[in-house]
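Visitor: Before I ask anything, let me first share the structure, which is written out below as structure tokens.
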Amino acid sequence: MDGLNWKRCPGGHVLGEIVREAVVYNGRRMYATRLKLFRQAMTEAEADVIPGSVAATIEGTAPELYCSICDATTPWIIGQHETERLVERWVTKRRTLVQG
Ligand SMILES: [Zn+2]
């Protein structure tokens, strides 16, 4: 699996997998960012070899996700992830324009 898509707790344990899924919105095919939250947190080494058992798919914001290993909490903020992606795309486009 692609380790870059893990949602981690502050202690680095893997809480779930961040996925992009196709959705139809207003008749248009779009992509939504969702979190497949695992029943049990895993270490990164475990997550690389064991398929996570998904307890919930989260779309939108969750104020607190609890790590079952270390009890730390971390928020899942959809807007943050999406905004970073959009900004990245904008910067890339702008850079291309400047260079061109
Ligand atoms: Zn943890």
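Ligands are numbered from 1 in the order shown, chains are lettered A, B, ... in the order of the structure tokens, and residues start at 1 in each chain.
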Could you give me, as an MDAnalysis selection string, the residues within 7 Å of His13 in chain A, counting only C-alpha atoms and dropping anything in the same chain fewer than 5 positions from it?
Guide: chainID A and resid 8 41:44
Visitor: Applying 9 Å and only C-alpha atoms, which residues near Ala32 in chain A remain after dropping the ones on its own chain fewer than 6 positions away? List them as a PyMOL selection string.
Guide: chain A and resi 19-23+59
Visitor: Take the selection from the previous step and output its residues with C-alpha atoms, as a PDB file, in the first residue's frame.
Guide:
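Dumped to selection.pdb:
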```pdb
ATOM      1  CA  VAL A  19      -8.580   7.440  -0.114  1.00  0.00           C
ATOM      2  CA  ARG A  20      -9.896   9.313  -3.137  1.00  0.00           C
ATOM      3  CA  GLU A  21     -13.194   7.970  -4.342  1.00  0.00           C
ATOM      4  CA  ALA A  22     -15.247   8.899  -7.356  1.00  0.00           C
ATOM      5  CA  VAL A  23     -18.614  10.468  -6.565  1.00  0.00           C
ATOM      6  CA  GLU A  59     -16.280  12.062   4.804  1.00  0.00           C
TER       7      GLU A  59
END
```
Visitor: Within 10 Å of ligand 1, counting only C-alpha atoms and all ligand atoms, which protein or nucleic acid residues do you find, written as a compact mmCIF listing (two decimals) with C-alpha atoms, in the first residue's frame?
Guide:
```txt
# COMPACT_ATOMS: atom_id res chain seq x y z
CA ARG A 8 -1.44 8.91 11.61
CA CYS A 9 -1.84 9.78 15.27
CA PRO A 10 0.68 12.23 16.82
CA GLY A 11 2.69 9.17 17.91
CA GLY A 12 2.99 7.96 14.32
CA HIS A 13 0.58 5.02 14.57
CA VAL A 14 -1.61 4.36 11.56
CA LEU A 15 -5.29 5.11 12.27
CA ALA A 41 -4.50 1.43 15.15
CA MET A 42 -1.39 -0.21 13.73
CA THR A 43 2.27 0.56 13.59
CA TYR A 66 -8.54 8.11 19.09
CA CYS A 67 -5.45 5.96 18.69
CA SER A 68 -6.09 2.52 20.17
CA ILE A 69 -2.36 2.05 20.82
CA CYS A 70 -1.34 5.25 22.64
CA ASP A 71 -4.71 7.01 23.30
CA ALA A 72 -3.54 10.18 21.57
CA THR A 73 -6.16 12.07 19.59
CA THR A 74 -5.85 13.79 16.25
```
Visitor: Would you mind reading off the distance between CA of Glu17 in chain A and CA of Arg34 in chain A, one decimal, in Å?
Guide: 8.4 Å
Visitor: I'd like the interatomic distance between CA of Ala45 in chain A and CA of Pro63 in chain A, to a tenth of an Å.
Guide: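 We find that CA of Ala45 in chain A and CA of Pro63 in chain A lie 26.4 Å from each other.
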Visitor: Write down as a list in words the residues belonging to range 51-83 of chain A that are assigned alpha helix (DSSP H) by DSSP computed on the backbone.
Guide: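 Here is the list: Ile78, Gly79, Gln80, His81, Glu82 and Thr83 of chain A.
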